[in-house]
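Engineer: Can you keep this structure in mind? I'll have questions shortly.
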Amino acid sequence: MPASSLILNRRDLDFLLHEWLDVESLVKRERYAEHSRETFDAVLELAEQIATDHFAPHNRKADENEPRFVDGRVEMIPEVKQALEVFAGAGLLASEFDERFGGMQLPHTVGQAVFAWFKAANVGTSAYPFLTMANARLLIAHGSEQQVDTYVAPMVEGRWFGTMALSEPQAGSSLADITTRAERQDDGTYRLTGNKMWISGGDHELTENIVHLVLAKVPGGPPGVKGISLFVVPKFLVGHDGSLGERNDVVLAGLNHKMGYRGTTNTLLNFGEGVHTPGGRAGAVGHLVGEEHRGLTYMFHMMNEARIGVGMGATVLGYTGYLHALEYARTRTQGRPPTAKDPSTPAVRIVDHTDVRRMLLAAKAYAEGGMALGLYCARLVDEEQTAESPEARAQAHLLLEMLTPIAKAWPSQYGPVTDDLAIQVHGGYGYTRDYPVEQFYRDNRLNPIHEGTNGIQGLDLLGRKVLMQEGAGLRLLGETIGATTARAAGTDWAGFAADLDAAVTRLGAVTATLWGAGDPAVTLANATAYLEAAGHVVVAWLWLEQALATRDESGDFYEGKRAAARFFHRYELPKVHTHLDLLESLDRTVLDTDEAWL
């Protein structure tokens, strides 16, 4: 294992987990009592080793040799299956699950840091266990005891993988318009017919079975999203003893070919096509999860987890791009300082050029800021699930609800920006396939679309989250940030804190202006600008948190943290007010632009 990885910065993870978030304090809680800092560090070391030795080496090969649709089946390079077998064999797929499933019961904060290594090393291969873990957690939360017994253990062991099947060709993100039907049967099962599009991991030969979680409508139910139900639809039917039976009526109709994430099969699936007819009847056999017509509520359990996970994936793809650019800038010589008048003097490393340092500092601020955001949200999950008092759990839940659209969208916007900067640092070489940063950018460009576009996240934040419980989430966020700025009083960071306080106050005032306009169309017309403003406020807060955690510490690592915090304060925080100016004016430019003028 290299002393200094280009996948992620282990020193930064240690700082965030131990010096800032104090994850070791979680071992005082019953669920994590068998753990210690030593066990946390050991799992992180194992993750780094497996990511380095088994995931990173085939990242480019999987990109250049994407899965193929051959005679109705998926073919892909063998390294994907080999890497996932090592991952599952090491128990990492089970790391956060209960001991009864063979899990380690790691805190979610540590689990997110562990899985970050695999997303950064090979986002295409890591997508399969990522979806599987989310699928299993949804069934544990909302499935029947029989469904949990039947499907969760094989997924946690890595013998089966799982998916989420929401979108359809004609509906996209508009789930109210899905048309997949689920007909009740006398034996208590349902028969599903319809098509699902953009299903990541929807078919492959990596595991014995694939467990699809499928949204569909039962005839006679309410219209729109209120009529959506959720079903478990396995690729192969499962007997009462857990054995695999006949093929279900789920057919791979084709693969979608994307500019990135090429190692992940992305599929069009047909349910009930009649190619396979279990029991002699057409239609895919499905098992209802929970109650009819509550499917979207259940699916949001998986979607919200996936949204935060997508944000973390965007962060670490940017992070590895930044590390590659930093190494390149320290070794590539080109040009001379503007003050050098003698052309015979040796060329300098490009890191010595001020504008290259600007780009690297921006990339560092985005990457490490995004990592702080993802791990902070993971810490809220631990608080939500294991805090000692019901009040503390409720507060963590509320703050997590408020931060979820930001945790998805901000890294999804600035992760690709980080990779764009990494390409720029490489110059012309960055635009070639001789260096990996162009793949990082292509992979990352999907994340603003994945699991609800950033535009949808803006509507969620401004249209729902700031209004829930009469604004309690926004108030709690303001109070939480205020506790940080109060700690900064009398320190070198007091100016940063004062500017952050001003931004928070103005965000609240502009929110009131928007919802006081009396016209929801005007209020929501610039929801994306609101999301960007709120996201920058949150990441500025987390940079102030990190800066305060470096007090009384010396050395290059801590100086780097302080430099990035100053950069975010001076270069990024002022951008919030540009967005707030636009929002405060109740601008109608976009709203009033006729389609014919475009």
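Residues in the structure tokens are numbered from 1 in each chain, the chains being A, B, ... in the order shown, and ligands are numbered from 1 in the order shown.
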Name all residues at most 12 Å from A:Gly272 (count only C-alpha atoms; drop same-chain ones fewer than 6 positions away) and give them as a list in words.
Structural biologist: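 After dropping sequence-adjacent residues, the list is Thr180, Arg181, Ala182, Glu183, Tyr190, Arg191, Leu192, Thr193, Gly194, Asn195, Lys196, Val233, Arg247, Asn248, Asp249, Val250, Val251, Leu252, Ala253, Pro278, Gly280, Arg281, Ala282, Gly283, Ala284, Val285 and Gly286 of chain A.
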Engineer: Export C-alpha atoms of the chosen residues as a JSON list (two decimals), in the first residue's frame?
Structural biologist:
```json
[["chain", "number", "residue", "atom", "x", "y", "z"],
["A", 180, "THR", "CA", -46.36, -0.35, -14.00],
["A", 181, "ARG", "CA", -49.33, -2.36, -12.67],
["A", 182, "ALA", "CA", -49.53, -4.87, -9.84],
["A", 183, "GLU", "CA", -52.51, -7.23, -9.88],
["A", 190, "TYR", "CA", -49.03, -9.75, -7.03],
["A", 191, "ARG", "CA", -48.29, -9.97, -10.73],
["A", 192, "LEU", "CA", -46.41, -6.97, -12.13],
["A", 193, "THR", "CA", -46.43, -5.74, -15.73],
["A", 194, "GLY", "CA", -44.62, -2.71, -17.08],
["A", 195, "ASN", "CA", -41.20, -1.26, -17.87],
["A", 196, "LYS", "CA", -38.50, 0.30, -15.73],
["A", 233, "VAL", "CA", -39.55, -8.76, -7.16],
["A", 247, "ARG", "CA", -36.89, -17.57, -13.27],
["A", 248, "ASN", "CA", -39.28, -14.69, -12.57],
["A", 249, "ASP", "CA", -40.87, -12.78, -15.45],
["A", 250, "VAL", "CA", -38.29, -9.98, -15.33],
["A", 251, "VAL", "CA", -36.44, -9.54, -18.61],
["A", 252, "LEU", "CA", -33.41, -7.45, -19.49],
["A", 253, "ALA", "CA", -34.51, -5.47, -22.56],
["A", 278, "PRO", "CA", -43.91, -18.60, -13.26],
["A", 280, "GLY", "CA", -47.79, -20.80, -16.17],
["A", 281, "ARG", "CA", -49.09, -17.24, -15.70],
["A", 282, "ALA", "CA", -47.60, -14.11, -17.22],
["A", 283, "GLY", "CA", -46.49, -11.30, -14.98],
["A", 284, "ALA", "CA", -43.57, -10.92, -12.59],
["A", 285, "VAL", "CA", -44.30, -12.30, -9.13],
["A", 286, "GLY", "CA", -44.04, -9.56, -6.54]]
```
Engineer: Which residues in stretch 269-414 of chain A does DSSP call strand (DSSP E or B)? List them as a list in words.
Structural biologist: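 Taking stretch 269-414 of chain A and keeping strand (DSSP E or B) only, one gets Leu269, Asn270, Phe271, Ala284, Val285, Gly286, His287, Leu288, Thr333 and Arg349 of chain A.
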Engineer: Taking 5 positions as the minimum chain separation for residues in the same chain, which residues sit within 8 Å of stretch 524-539 of chain A when counting only C-alpha atoms? Answer as a PyMOL selection string.
Structural biologist: chain A and resi 369-370+373+406+410+454-455+457-459+461-463+500+503-504+507+572-573+575-577+579-580+583+587-588+590-591
Engineer: Smallest atom-to-atom distance to A:Gly242: which of A:Asn444, A:Asn209, A:Ser36, A:Thr480, using only C-alpha atoms?
Structural biologist: A:Asn209
Engineer: Extract, using only C-alpha atoms, all DNA, RNA and protein residues at most 9 Å from A:Leu477, discarding same-chain residues fewer than 5 positions from it, and format them as a ChimeraX atom specification.
Structural biologist: /A:399,402-403,472,482,538
Engineer: Quick one: contact table of stretch 114-147 of chain A to stretch 164-179 of chain A, 10 Å max, nearest atom pair and distance in Å to one decimal per residue, counting only C-alpha atoms, chain and number order, as a tab-separated table?
Structural biologist:
```
residue	atom	partner	partner_atom	distance
A:Leu131	CA	A:Met164	CA	7.4
A:Thr132	CA	A:Met164	CA	8.9
A:Ala134	CA	A:Met164	CA	8.9
A:Asn135	CA	A:Met164	CA	7.1
```
Engineer: Determine the nearest neighbour of A:Lys364 from the options A:Phe271, A:Phe15, A:Phe97, A:Trp543, counting only C-alpha atoms.
Structural biologist: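 Going through A:Phe271, A:Phe15, A:Phe97, A:Trp543 one by one, the smallest distance to A:Lys364 is for A:Trp543.
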Engineer: Residues within 12 Å of A:Ala494, please, as a PDB file with N, CA, C and O atoms, in the first residue's frame. Count only C-alpha atoms; anything in the same chain fewer than 3 positions from it doesn't count.
Structural biologist:
```pdb
ATOM      1  N   THR A 484     -21.803  27.340  16.732  1.00  0.00           N
ATOM      2  CA  THR A 484     -20.426  27.323  16.236  1.00  0.00           C
ATOM      3  C   THR A 484     -19.838  28.729  16.194  1.00  0.00           C
ATOM      4  O   THR A 484     -18.704  28.954  16.648  1.00  0.00           O
ATOM      5  N   THR A 485     -20.597  29.683  15.650  1.00  0.00           N
ATOM      6  CA  THR A 485     -20.068  31.042  15.554  1.00  0.00           C
ATOM      7  C   THR A 485     -19.829  31.642  16.940  1.00  0.00           C
ATOM      8  O   THR A 485     -18.895  32.435  17.127  1.00  0.00           O
ATOM      9  N   ALA A 486     -20.642  31.239  17.923  1.00  0.00           N
ATOM     10  CA  ALA A 486     -20.423  31.734  19.290  1.00  0.00           C
ATOM     11  C   ALA A 486     -19.087  31.228  19.837  1.00  0.00           C
ATOM     12  O   ALA A 486     -18.386  31.967  20.552  1.00  0.00           O
ATOM     13  N   ARG A 487     -18.728  30.005  19.489  1.00  0.00           N
ATOM     14  CA  ARG A 487     -17.447  29.465  19.945  1.00  0.00           C
ATOM     15  C   ARG A 487     -16.273  30.172  19.300  1.00  0.00           C
ATOM     16  O   ARG A 487     -15.156  30.152  19.817  1.00  0.00           O
ATOM     17  N   ALA A 488     -16.519  30.784  18.146  1.00  0.00           N
ATOM     18  CA  ALA A 488     -15.432  31.461  17.432  1.00  0.00           C
ATOM     19  C   ALA A 488     -15.172  32.866  17.963  1.00  0.00           C
ATOM     20  O   ALA A 488     -14.167  33.485  17.592  1.00  0.00           O
ATOM     21  N   ALA A 489     -16.051  33.373  18.810  1.00  0.00           N
ATOM     22  CA  ALA A 489     -15.871  34.728  19.348  1.00  0.00           C
ATOM     23  C   ALA A 489     -14.545  34.811  20.106  1.00  0.00           C
ATOM     24  O   ALA A 489     -14.198  33.925  20.886  1.00  0.00           O
ATOM     25  N   GLY A 490     -13.799  35.871  19.835  1.00  0.00           N
ATOM     26  CA  GLY A 490     -12.528  36.069  20.520  1.00  0.00           C
ATOM     27  C   GLY A 490     -11.377  35.269  19.957  1.00  0.00           C
ATOM     28  O   GLY A 490     -10.280  35.299  20.521  1.00  0.00           O
ATOM     29  N   THR A 491     -11.618  34.550  18.848  1.00  0.00           N
ATOM     30  CA  THR A 491     -10.547  33.784  18.209  1.00  0.00           C
ATOM     31  C   THR A 491     -10.152  34.465  16.899  1.00  0.00           C
ATOM     32  O   THR A 491     -10.749  35.462  16.488  1.00  0.00           O
ATOM     33  N   ALA A 497     -16.808  34.102  11.490  1.00  0.00           N
ATOM     34  CA  ALA A 497     -18.056  33.828  12.202  1.00  0.00           C
ATOM     35  C   ALA A 497     -19.068  34.950  12.010  1.00  0.00           C
ATOM     36  O   ALA A 497     -20.268  34.698  11.807  1.00  0.00           O
ATOM     37  N   ALA A 498     -18.594  36.194  12.071  1.00  0.00           N
ATOM     38  CA  ALA A 498     -19.507  37.332  11.903  1.00  0.00           C
ATOM     39  C   ALA A 498     -20.112  37.343  10.502  1.00  0.00           C
ATOM     40  O   ALA A 498     -21.320  37.581  10.326  1.00  0.00           O
ATOM     41  N   ASP A 499     -19.294  37.058   9.495  1.00  0.00           N
ATOM     42  CA  ASP A 499     -19.810  37.018   8.122  1.00  0.00           C
ATOM     43  C   ASP A 499     -20.776  35.854   7.926  1.00  0.00           C
ATOM     44  O   ASP A 499     -21.766  35.972   7.196  1.00  0.00           O
ATOM     45  N   LEU A 500     -20.498  34.737   8.592  1.00  0.00           N
ATOM     46  CA  LEU A 500     -21.396  33.586   8.496  1.00  0.00           C
ATOM     47  C   LEU A 500     -22.721  33.890   9.195  1.00  0.00           C
ATOM     48  O   LEU A 500     -23.798  33.566   8.675  1.00  0.00           O
ATOM     49  N   ASP A 501     -22.660  34.508  10.345  1.00  0.00           N
ATOM     50  CA  ASP A 501     -23.892  34.911  11.045  1.00  0.00           C
ATOM     51  C   ASP A 501     -24.750  35.810  10.161  1.00  0.00           C
ATOM     52  O   ASP A 501     -25.981  35.657  10.106  1.00  0.00           O
ATOM     53  N   LEU A 544     -15.782  26.487   9.126  1.00  0.00           N
ATOM     54  CA  LEU A 544     -15.488  27.158  10.400  1.00  0.00           C
ATOM     55  C   LEU A 544     -15.331  26.121  11.508  1.00  0.00           C
ATOM     56  O   LEU A 544     -14.437  26.245  12.359  1.00  0.00           O
ATOM     57  N   ALA A 547     -11.932  24.654  11.116  1.00  0.00           N
ATOM     58  CA  ALA A 547     -10.904  25.615  11.527  1.00  0.00           C
ATOM     59  C   ALA A 547     -10.777  25.666  13.043  1.00  0.00           C
ATOM     60  O   ALA A 547      -9.664  25.675  13.590  1.00  0.00           O
ATOM     61  N   LEU A 548     -11.919  25.665  13.724  1.00  0.00           N
ATOM     62  CA  LEU A 548     -11.885  25.708  15.192  1.00  0.00           C
ATOM     63  C   LEU A 548     -11.266  24.432  15.764  1.00  0.00           C
ATOM     64  O   LEU A 548     -10.625  24.462  16.823  1.00  0.00           O
ATOM     65  N   ARG A 566      -9.886  29.725   5.170  1.00  0.00           N
ATOM     66  CA  ARG A 566      -9.799  31.141   4.764  1.00  0.00           C
ATOM     67  C   ARG A 566     -10.257  31.312   3.327  1.00  0.00           C
ATOM     68  O   ARG A 566     -10.938  32.303   2.998  1.00  0.00           O
ATOM     69  N   HIS A 569     -13.992  31.273   3.194  1.00  0.00           N
ATOM     70  CA  HIS A 569     -14.522  32.512   3.758  1.00  0.00           C
ATOM     71  C   HIS A 569     -14.412  33.661   2.766  1.00  0.00           C
ATOM     72  O   HIS A 569     -15.381  34.380   2.521  1.00  0.00           O
TER      73      HIS A 569
END
```
Engineer: Let me make sure I understand: among A:Arg464, A:Lys217, A:Arg358, A:Arg433, which one has the smallest atom-to-atom distance to A:Phe568 if we use only C-alpha atoms?
Structural biologist: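 Ranked by minimum distance to A:Phe568, first place goes to A:Arg358.
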Engineer: Can you list, as number ranges by chain, every protein, DNA or RNA residue that comes within 10 Å of A:Arg332 when you count only C-alpha atoms, leaving out same-chain residues fewer than 4 positions away?
Structural biologist: A: 327-328, 347-351, 426
Engineer: Would you mind reading off the distance between atom CA of A:Glu384 and atom CA of A:Lys119, one decimal, in Å?
Structural biologist: 24.8 Å
Engineer: Compile the contact shell of stretch 107-115 of chain A as JSON, numbers by chain: residues with an atom at most 7 Å away, counting only C-alpha atoms, same-chain residues fewer than 3 positions apart removed.
Structural biologist: {"A": [32, 40, 44, 47, 95, 96, 118, 119, 375, 378, 379, 381, 382]}
Engineer: So how many Å separate atom CA of A:Glu292 and atom CA of A:Gln185, to one decimal?
Structural biologist: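 Computing it gives 13.8 Å between the two atoms.
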Engineer: DSSP on the backbone: which residues in stretch 314-357 of chain A end up as helix (DSSP H, G or I)? Give the answer as an MDAnalysis selection string.
Structural biologist: chainID A and resid 314:331 350:352 354:357
Engineer: Could you check how far atom CA of A:Ala394 sits from atom CA of A:Ala116, in Å to one decimal?
Structural biologist: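 Between these atoms lies a distance of 27.0 Å.
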Engineer: Select, from A:Thr315, A:Gln469, A:Thr354, A:Thr207, the residue with the minimum atom-to-atom distance to A:Val425, counting only C-alpha atoms.
Structural biologist: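 Checking each of A:Thr315, A:Gln469, A:Thr354, A:Thr207 against A:Val425, counting only C-alpha atoms, the winner is A:Thr354.
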Engineer: For each of A:Thr264, A:Ser585, A:Phe236, A:Gln424, take the minimum atom-to-atom distance to A:Leu326, counting only C-alpha atoms, then give the residue where this is smallest.
Structural biologist: A:Gln424
Engineer: Which residue gives the smallest distance to A:Ser5 among A:Leu400, A:Ala521, A:Leu269, A:Ala56, with only C-alpha atoms counted?
Structural biologist: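 Using only C-alpha atoms, the shortest distance to A:Ser5 belongs to A:Ala56.
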